[in-house]
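Colleague: What follows is run_0.cif, mmCIF, C-alpha atoms.
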```
data_model
loop_
_atom_site.label_atom_id
_atom_site.label_comp_id
_atom_site.auth_asym_id
_atom_site.auth_seq_id
_atom_site.Cartn_x
_atom_site.Cartn_y
_atom_site.Cartn_z
CA MET A 274 23.93 -74.29 -26.85
CA CYS A 275 21.76 -71.59 -28.45
CA ALA A 276 18.34 -72.87 -27.34
CA GLU A 277 17.31 -75.57 -24.94
CA LEU A 278 14.19 -77.62 -24.30
CA HIS A 279 13.02 -79.41 -21.20
CA TYR A 280 9.67 -80.49 -19.80
CA GLU A 281 7.95 -79.72 -16.51
CA ASP A 282 4.58 -81.31 -15.71
CA ASN A 283 3.65 -81.74 -19.37
CA ILE A 284 4.72 -78.19 -20.25
CA ALA A 285 7.50 -77.65 -22.78
CA ILE A 286 10.01 -75.03 -21.61
CA ILE A 287 12.00 -73.44 -24.45
CA ILE A 288 14.85 -71.14 -23.43
CA LEU A 289 16.67 -68.93 -25.94
CA ASP A 290 20.24 -69.29 -24.78
CA ARG A 291 22.65 -66.73 -26.23
CA PRO A 292 22.75 -64.34 -23.27
CA ASN A 293 25.97 -62.65 -24.37
CA ALA A 294 24.20 -61.64 -27.60
CA ARG A 295 20.91 -60.81 -25.81
CA ASN A 296 19.56 -64.04 -27.34
CA ALA A 297 19.67 -62.68 -30.88
CA LEU A 298 18.28 -65.01 -33.52
CA ASN A 299 21.14 -66.31 -35.62
CA ALA A 300 20.97 -69.14 -38.14
CA GLN A 301 22.06 -71.71 -35.57
CA MET A 302 19.31 -70.69 -33.13
CA ILE A 303 16.66 -70.76 -35.87
CA GLU A 304 17.79 -74.27 -36.81
CA LYS A 305 17.65 -75.38 -33.17
CA LEU A 306 14.17 -73.88 -32.72
CA GLN A 307 13.02 -75.72 -35.84
CA ALA A 308 14.09 -79.00 -34.27
CA ILE A 309 12.45 -78.12 -30.95
CA VAL A 310 9.14 -77.14 -32.55
CA ALA A 311 9.17 -80.31 -34.65
CA GLU A 312 9.65 -82.37 -31.47
CA ILE A 313 6.92 -80.73 -29.41
CA SER A 314 4.41 -80.46 -32.26
CA VAL A 315 3.63 -84.18 -32.14
CA LEU A 316 3.19 -84.30 -28.36
CA LYS A 317 0.00 -83.88 -26.32
CA LEU A 318 1.27 -81.11 -24.10
CA ARG A 319 -0.54 -78.82 -21.72
CA ALA A 320 1.33 -75.77 -23.07
CA ALA A 321 4.72 -74.42 -24.13
CA ILE A 322 6.63 -71.53 -22.56
CA PHE A 323 9.20 -69.48 -24.48
CA THR A 324 11.64 -67.29 -22.56
CA GLY A 325 15.21 -66.01 -22.73
CA ALA A 326 18.34 -66.72 -20.73
CA GLY A 327 19.86 -63.81 -18.85
CA LYS A 328 18.37 -60.32 -18.90
CA ALA A 329 16.78 -60.30 -22.38
CA PHE A 330 14.01 -62.21 -24.09
CA CYS A 331 15.38 -61.76 -27.60
CA ALA A 332 17.00 -58.69 -29.16
CA GLY A 333 15.96 -59.70 -32.69
CA ALA A 334 17.94 -60.93 -35.63
CA ASP A 335 21.71 -61.24 -35.48
CA ILE A 336 22.53 -58.09 -37.45
CA ALA A 337 25.93 -59.37 -38.57
CA GLU A 338 24.20 -62.07 -40.59
CA LEU A 339 22.32 -59.48 -42.67
CA LEU A 340 25.38 -58.07 -44.45
CA ASN A 341 26.53 -59.02 -47.94
CA LYS A 342 23.58 -61.26 -48.73
CA SER A 343 21.94 -61.58 -52.14
CA SER A 344 18.22 -61.10 -52.68
CA GLU A 345 17.82 -64.86 -52.92
CA GLU A 346 19.68 -65.42 -49.63
CA HIS A 347 17.57 -62.82 -47.84
CA LEU A 348 14.37 -64.34 -49.23
CA ASN A 349 15.39 -67.81 -48.11
CA LYS A 350 16.26 -66.57 -44.61
CA ILE A 351 12.96 -64.71 -44.25
CA GLN A 352 10.89 -67.63 -45.50
CA ILE A 353 12.58 -70.02 -43.05
CA GLY A 354 11.86 -67.68 -40.13
CA GLN A 355 8.27 -67.06 -41.23
CA LYS A 356 7.64 -70.79 -41.54
CA LEU A 357 9.07 -71.45 -38.07
CA PHE A 358 6.95 -68.75 -36.41
CA GLN A 359 3.85 -69.93 -38.27
CA GLN A 360 4.49 -73.44 -36.96
CA ILE A 361 4.62 -72.00 -33.44
CA HIS A 362 1.40 -70.09 -34.12
CA GLU A 363 -0.30 -73.30 -35.28
CA LEU A 364 0.74 -75.58 -32.39
CA LYS A 365 -2.23 -77.51 -31.01
CA PHE A 366 -1.74 -76.28 -27.46
CA PRO A 367 -1.37 -72.81 -25.92
CA THR A 368 2.00 -71.09 -26.14
CA LEU A 369 3.20 -68.36 -23.79
CA ALA A 370 6.02 -65.87 -24.29
CA CYS A 371 7.53 -64.87 -20.93
CA ILE A 372 9.26 -61.63 -21.89
CA ASN A 373 11.88 -61.17 -19.22
CA GLY A 374 13.65 -58.22 -20.89
CA MET A 375 13.95 -56.69 -24.35
CA ALA A 376 11.83 -58.24 -27.13
CA LEU A 377 12.82 -56.45 -30.30
CA GLY A 378 12.44 -57.17 -34.00
CA GLY A 379 12.44 -60.93 -34.51
CA GLY A 380 12.19 -61.39 -30.75
CA MET A 381 8.92 -59.50 -30.64
CA GLU A 382 7.76 -61.38 -33.72
CA LEU A 383 8.43 -64.64 -31.88
CA ALA A 384 6.32 -63.37 -28.99
CA LEU A 385 3.57 -62.34 -31.44
CA ALA A 386 3.49 -65.91 -32.78
CA CYS A 387 2.60 -67.17 -29.30
CA THR A 388 -0.94 -67.45 -27.98
CA PHE A 389 -0.27 -65.29 -24.91
CA ARG A 390 2.42 -62.84 -23.78
CA ILE A 391 3.42 -61.69 -20.29
CA CYS A 392 6.35 -59.43 -19.48
CA SER A 393 8.40 -58.03 -16.64
CA PRO A 394 7.95 -54.36 -15.62
CA SER A 395 11.38 -53.56 -17.08
CA ALA A 396 10.71 -55.14 -20.47
CA GLY A 397 10.87 -53.16 -23.70
CA LEU A 398 9.07 -54.20 -26.87
CA GLY A 399 9.29 -52.94 -30.42
CA LEU A 400 9.88 -53.50 -34.12
CA PRO A 401 12.76 -51.09 -34.79
CA GLU A 402 13.78 -52.50 -38.19
CA ILE A 403 13.09 -49.15 -39.88
CA LYS A 404 16.12 -47.73 -38.07
CA LEU A 405 18.22 -50.09 -40.22
CA GLY A 406 16.35 -49.17 -43.40
CA LEU A 407 14.46 -52.48 -43.22
CA ILE A 408 10.96 -53.69 -42.41
CA PRO A 409 9.85 -56.53 -40.10
CA GLY A 410 10.18 -59.84 -41.89
CA TYR A 411 9.15 -62.63 -39.51
CA GLY A 412 5.43 -61.82 -39.46
CA GLY A 413 5.41 -58.49 -37.62
CA THR A 414 3.58 -56.57 -40.35
CA GLN A 415 0.83 -59.20 -40.33
CA ARG A 416 0.41 -60.26 -36.70
CA LEU A 417 0.83 -56.92 -34.92
CA PRO A 418 -2.09 -55.17 -36.72
CA ARG A 419 -4.30 -58.17 -36.01
CA LEU A 420 -3.44 -57.89 -32.33
CA ILE A 421 -3.49 -54.14 -31.60
CA GLY A 422 -5.10 -52.57 -34.68
CA GLN A 423 -3.67 -51.12 -37.86
CA ALA A 424 -3.14 -47.51 -36.74
CA LYS A 425 -1.13 -48.32 -33.61
CA ALA A 426 0.80 -51.08 -35.37
CA LEU A 427 1.79 -48.68 -38.16
CA GLU A 428 2.86 -46.10 -35.60
CA LEU A 429 5.14 -48.56 -33.83
CA MET A 430 6.70 -49.90 -37.02
CA VAL A 431 7.15 -46.55 -38.80
CA SER A 432 8.63 -44.88 -35.69
CA GLY A 433 10.68 -47.88 -34.60
CA LYS A 434 9.70 -46.94 -31.05
CA ILE A 435 10.49 -49.29 -28.17
CA ILE A 436 7.56 -49.22 -25.76
CA SER A 437 7.44 -49.95 -22.05
CA ALA A 438 5.71 -52.87 -20.39
CA GLU A 439 3.03 -50.49 -19.14
CA GLU A 440 2.23 -49.23 -22.64
CA ALA A 441 2.35 -52.76 -24.07
CA LEU A 442 -0.31 -53.79 -21.56
CA LYS A 443 -2.41 -50.70 -22.28
CA ILE A 444 -2.57 -51.35 -26.03
CA GLY A 445 -3.19 -55.09 -25.65
CA LEU A 446 0.21 -56.26 -26.85
CA VAL A 447 0.79 -58.25 -23.65
CA ASN A 448 -1.72 -59.96 -21.37
CA GLN A 449 -0.03 -59.23 -18.07
CA VAL A 450 2.90 -57.39 -16.49
CA VAL A 451 4.43 -59.30 -13.60
CA GLU A 452 7.67 -59.40 -11.63
CA MET A 453 9.81 -62.22 -13.02
CA GLU A 454 12.37 -63.47 -10.53
CA SER A 455 11.79 -66.78 -12.31
CA PRO A 456 10.27 -66.35 -15.80
CA ILE A 457 9.36 -70.03 -15.96
CA GLN A 458 7.53 -69.96 -12.63
CA SER A 459 5.79 -66.74 -13.65
CA GLY A 460 4.71 -68.44 -16.83
CA ARG A 461 3.38 -71.47 -15.01
CA THR A 462 1.45 -69.26 -12.60
CA TYR A 463 -0.13 -67.42 -15.52
CA LEU A 464 -1.07 -70.67 -17.24
CA ASP A 465 -2.63 -71.96 -14.02
CA SER A 466 -4.89 -68.89 -13.95
CA LEU A 467 -6.46 -69.59 -17.34
CA ALA A 468 -8.19 -72.97 -17.19
CA PRO A 469 -7.91 -76.20 -15.20
CA GLN A 470 -5.40 -78.38 -17.04
CA PHE A 471 -6.32 -76.75 -20.36
CA PRO A 472 -9.25 -78.95 -21.39
CA ALA A 473 -9.45 -79.90 -25.05
CA SER A 474 -11.92 -77.09 -25.78
CA ILE A 475 -9.09 -74.57 -25.35
CA GLN A 476 -7.72 -75.78 -28.68
CA GLN A 477 -11.01 -75.01 -30.42
CA ILE A 478 -11.24 -71.56 -28.83
CA ILE A 479 -7.74 -70.64 -29.97
CA GLN A 480 -8.40 -71.88 -33.50
CA ALA A 481 -11.67 -69.96 -33.80
CA VAL A 482 -10.28 -66.70 -32.42
CA GLN A 483 -7.14 -66.84 -34.57
CA ALA A 484 -9.31 -67.35 -37.65
CA ALA A 485 -11.62 -64.44 -36.78
CA THR A 486 -9.49 -61.79 -38.48
CA ASP A 487 -9.10 -63.82 -41.67
CA LEU A 488 -12.72 -64.91 -42.24
CA ASN A 489 -15.91 -63.02 -42.97
CA ILE A 490 -18.54 -63.26 -40.25
CA GLN A 491 -20.54 -66.03 -41.93
CA ASP A 492 -17.51 -68.26 -42.48
CA GLY A 493 -16.35 -67.48 -38.96
CA LEU A 494 -19.70 -68.50 -37.51
CA ALA A 495 -19.64 -71.70 -39.55
CA LEU A 496 -16.19 -72.53 -38.16
CA GLU A 497 -17.39 -71.74 -34.65
CA ALA A 498 -20.35 -74.10 -35.07
CA GLU A 499 -18.09 -76.86 -36.41
CA LEU A 500 -15.62 -76.49 -33.54
CA PHE A 501 -18.42 -76.36 -30.97
CA VAL A 502 -19.72 -79.69 -32.23
CA GLN A 503 -16.20 -81.15 -32.06
CA SER A 504 -15.76 -79.94 -28.49
CA SER A 505 -19.16 -81.29 -27.48
CA GLN A 506 -18.06 -84.81 -28.38
CA THR A 507 -14.98 -84.88 -26.14
CA ALA A 508 -14.60 -86.60 -22.80
CA ASP A 509 -13.84 -83.16 -21.33
CA ALA A 510 -17.25 -81.82 -22.35
CA THR A 511 -19.04 -84.81 -20.86
CA GLU A 512 -17.03 -84.48 -17.65
CA GLY A 513 -17.58 -80.72 -17.48
CA ILE A 514 -21.35 -81.01 -17.85
CA LYS A 515 -21.63 -83.89 -15.39
CA SER A 516 -19.45 -82.16 -12.79
CA PHE A 517 -21.59 -79.02 -13.04
CA LEU A 518 -24.81 -80.96 -12.59
CA GLU A 519 -23.31 -83.02 -9.76
CA LYS A 520 -21.79 -79.90 -8.08
CA ARG A 521 -18.23 -81.24 -7.97
CA THR A 522 -14.82 -80.30 -9.37
CA ALA A 523 -14.26 -81.43 -12.95
CA ASN A 524 -11.48 -83.91 -13.74
CA PHE A 525 -10.44 -82.89 -17.25
CA THR A 526 -8.27 -85.20 -19.35
CA GLN A 527 -7.69 -83.23 -22.60
CA CYS A 528 -9.19 -85.93 -24.76
#
```
Mind turning the file's structure into structure tokens?
Modeller:
Amino acid sequence: MCAELHYEDNIAIIILDRPNARNALNAQMIEKLQAIVAEISVLKLRAAIFTGAGKAFCAGADIAELLNKSSEEHLNKIQIGQKLFQQIHELKFPTLACINGMALGGGMELALACTFRICSPSAGLGLPEIKLGLIPGYGGTQRLPRLIGQAKALELMVSGKIISAEEALKIGLVNQVVEMESPIQSGRTYLDSLAPQFPASIQQIIQAVQAATDLNIQDGLALEAELFVQSSQTADATEGIKSFLEKRTANFTQC
């Protein structure tokens, strides 16, 4: 078993499960994650939590699999990983990386593909590929600058530095630093703090914000207007407005 999936209260829990290898991403794990993402992508879930078994989130790619590969084999491997992480990025519900230890290379790129990231105080995060004479290949060069800015992203990638949880929070790489006796419970507590039952409008907010760095302001505003209209026609919007006017707690349904 290299990755496992189970469900808790309409939340998908995905656990990277190669603790003896610090949950490094080998071909078998990538294949398993592809199947998991395909399964959850068609479900109406509240959210998905990604975390790692043992004391690491994910130490990155399985280095042994990088040797003696042709250019075509490397390209195929990178494209498969990029497609998988993009599918995670595009899921129709919020995703949360609970970083319970080291998140390096491909492990950090997996976390970057998620909507939100929280980590333990002892976590370390970085893209140290340059120390192997390589560059990030699973989206790190594209997602990290969008998240923390070009200058800081370049600094982290060119130095290969592994930063602390405290610094990751300071630069906006993670949303929260929290003790993680149980990463899954920590993740659920964080999700509970965001919005009641994740009403359908959360999907529109995520889509609009993720598009903000790729669109000019006029196209971004047009998308925002379109998504606002979509959200206004949902049962959640009607319930939210009525509950406000009637001074009661809203009963959202995500529809």
Colleague: Within 8 Å of stretch 428-430 of chain A, counting all atoms listed in the file, which residues qualify if same-chain residues fewer than 3 places away don't, as a PDB file with C-alpha atoms, keeping the file's coordinate frame?
Modeller:
```
ATOM      1  CA  GLY A 399       9.290 -52.940 -30.420  1.00  0.00           C
ATOM      2  CA  LEU A 400       9.880 -53.500 -34.120  1.00  0.00           C
ATOM      3  CA  PRO A 401      12.760 -51.090 -34.790  1.00  0.00           C
ATOM      4  CA  GLU A 402      13.780 -52.500 -38.190  1.00  0.00           C
ATOM      5  CA  ILE A 403      13.090 -49.150 -39.880  1.00  0.00           C
ATOM      6  CA  ILE A 408      10.960 -53.690 -42.410  1.00  0.00           C
ATOM      7  CA  PRO A 409       9.850 -56.530 -40.100  1.00  0.00           C
ATOM      8  CA  ALA A 424      -3.140 -47.510 -36.740  1.00  0.00           C
ATOM      9  CA  LYS A 425      -1.130 -48.320 -33.610  1.00  0.00           C
ATOM     10  CA  GLY A 433      10.680 -47.880 -34.600  1.00  0.00           C
ATOM     11  CA  LYS A 434       9.700 -46.940 -31.050  1.00  0.00           C
ATOM     12  CA  ILE A 435      10.490 -49.290 -28.170  1.00  0.00           C
TER      13      ILE A 435
END
```
Colleague: Which residues of stretch 323-424 of chain A come within 8 Å of stretch 308-314 of chain A, and for each one, what is the closest pair of atoms and their distance in Å to one decimal, counting all atoms listed in the file, sorted by chain and residue number, as a tab-separated table?
Modeller:
```
residue	atom	partner	partner_atom	distance
A:Leu357	CA	A:Val310	CA	7.9
A:Gln360	CA	A:Val310	CA	7.4
A:Ile361	CA	A:Val310	CA	6.9
A:Leu364	CA	A:Ser314	CA	6.1
A:Lys365	CA	A:Ser314	CA	7.4
```
Colleague: Can you spell out as a PyMOL selection string the set of residues that the PyMOL selection byres ((chain A and resi 396) around 8) selects in the structure I just provided?
Modeller: chain A and resi 372-376+392-395+397-398+437-438
Colleague: Neighbourhood query: residues within 8 Å of (14.1, -58.6, -33.5), file coordinates, counting all atoms listed in the file; return as a list in words.
Modeller: Ala297, Leu298, Cys331, Ala332, Gly333, Ala334, Ala376, Leu377, Gly378, Gly379, Gly380, Met381, Glu382, Leu400, Pro401 and Glu402 of chain A
Colleague: Do you have the atom CA of A:Ala300-atom CA of A:Thr324 distance handy?
Modeller: 18.3 Å
Colleague: Counting only C-alpha atoms, which residues in stretch 319-372 of chain A sit no more than 9 Å from stretch 285-289 of chain A? For each one, give the nearest pair of atoms and the distance in Å, sorted by chain then residue number, as a Markdown table.
Modeller:
```
| residue | atom | partner | partner_atom | distance |
| --- | --- | --- | --- | --- |
| A:Arg319 | CA | A:Ala285 | CA | 8.2 |
| A:Ala320 | CA | A:Ala285 | CA | 6.5 |
| A:Ala321 | CA | A:Ala285 | CA | 4.5 |
| A:Ile322 | CA | A:Ile286 | CA | 5.0 |
| A:Phe323 | CA | A:Ile287 | CA | 4.8 |
| A:Thr324 | CA | A:Ile288 | CA | 5.1 |
| A:Gly325 | CA | A:Leu289 | CA | 4.6 |
| A:Ala326 | CA | A:Leu289 | CA | 5.9 |
| A:Phe330 | CA | A:Leu289 | CA | 7.5 |
| A:Cys331 | CA | A:Leu289 | CA | 7.5 |
```
Colleague: Restricting the calculation to all atoms listed in the file: of A:Cys275, A:Leu318, A:Ala484, A:Ile303, which residue gets closest to A:Asp290?
Modeller: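 The answer is A:Cys275, which sits nearest to A:Asp290.
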Colleague: Excluding A:Gln480 and any residue of its chain fewer than 3 positions from it, enumerate the residues within 9 Å of it, using only C-alpha atoms, and give them as a ChimeraX atom specification.
Modeller: /A:363,365,475-477,483-485,500
Colleague: Output C-alpha atoms of each residue in that selection to a file, as an mmCIF file, keeping the file's coordinate frame.
Modeller:
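Final output, selection17.cif:
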```
data_model
loop_
_atom_site.group_PDB
_atom_site.id
_atom_site.type_symbol
_atom_site.label_atom_id
_atom_site.label_comp_id
_atom_site.auth_asym_id
_atom_site.auth_seq_id
_atom_site.Cartn_x
_atom_site.Cartn_y
_atom_site.Cartn_z
ATOM 1 C CA GLU A 363 -0.300 -73.300 -35.280
ATOM 2 C CA LYS A 365 -2.230 -77.510 -31.010
ATOM 3 C CA ILE A 475 -9.090 -74.570 -25.350
ATOM 4 C CA GLN A 476 -7.720 -75.780 -28.680
ATOM 5 C CA GLN A 477 -11.010 -75.010 -30.420
ATOM 6 C CA GLN A 483 -7.140 -66.840 -34.570
ATOM 7 C CA ALA A 484 -9.310 -67.350 -37.650
ATOM 8 C CA ALA A 485 -11.620 -64.440 -36.780
ATOM 9 C CA LEU A 500 -15.620 -76.490 -33.540
#
```
Colleague: Given 6 Å on each side, where is the centre and what are the edge lengths in Å to one decimal of the axis-aligned box enclosing the listed atoms of stretch 294-306 of chain A, as lines of an AutoDock Vina configuration file?
Modeller:
```
center_x = 19.2
center_y = -68.1
center_z = -32.0
size_x = 22.0
size_y = 26.6
size_z = 24.3
```
Colleague: What's the separation between atom CA of A:Asn299 and atom CA of A:Thr414, in Å to one decimal place?
Modeller: 20.6 Å
Colleague: Rank nothing, just name the residue among A:Leu442, A:Cys371, A:Ala384, A:Leu405 nearest to A:Ser455, using only C-alpha atoms.
Modeller: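 Checking each candidate against A:Ser455, we get A:Cys371 as the closest.
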Colleague: How many Å separate atom CA of A:Ile336 from atom CA of A:Glu439?
Modeller: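 Separation between atom CA of A:Ile336 and atom CA of A:Glu439: 27.8 Å.
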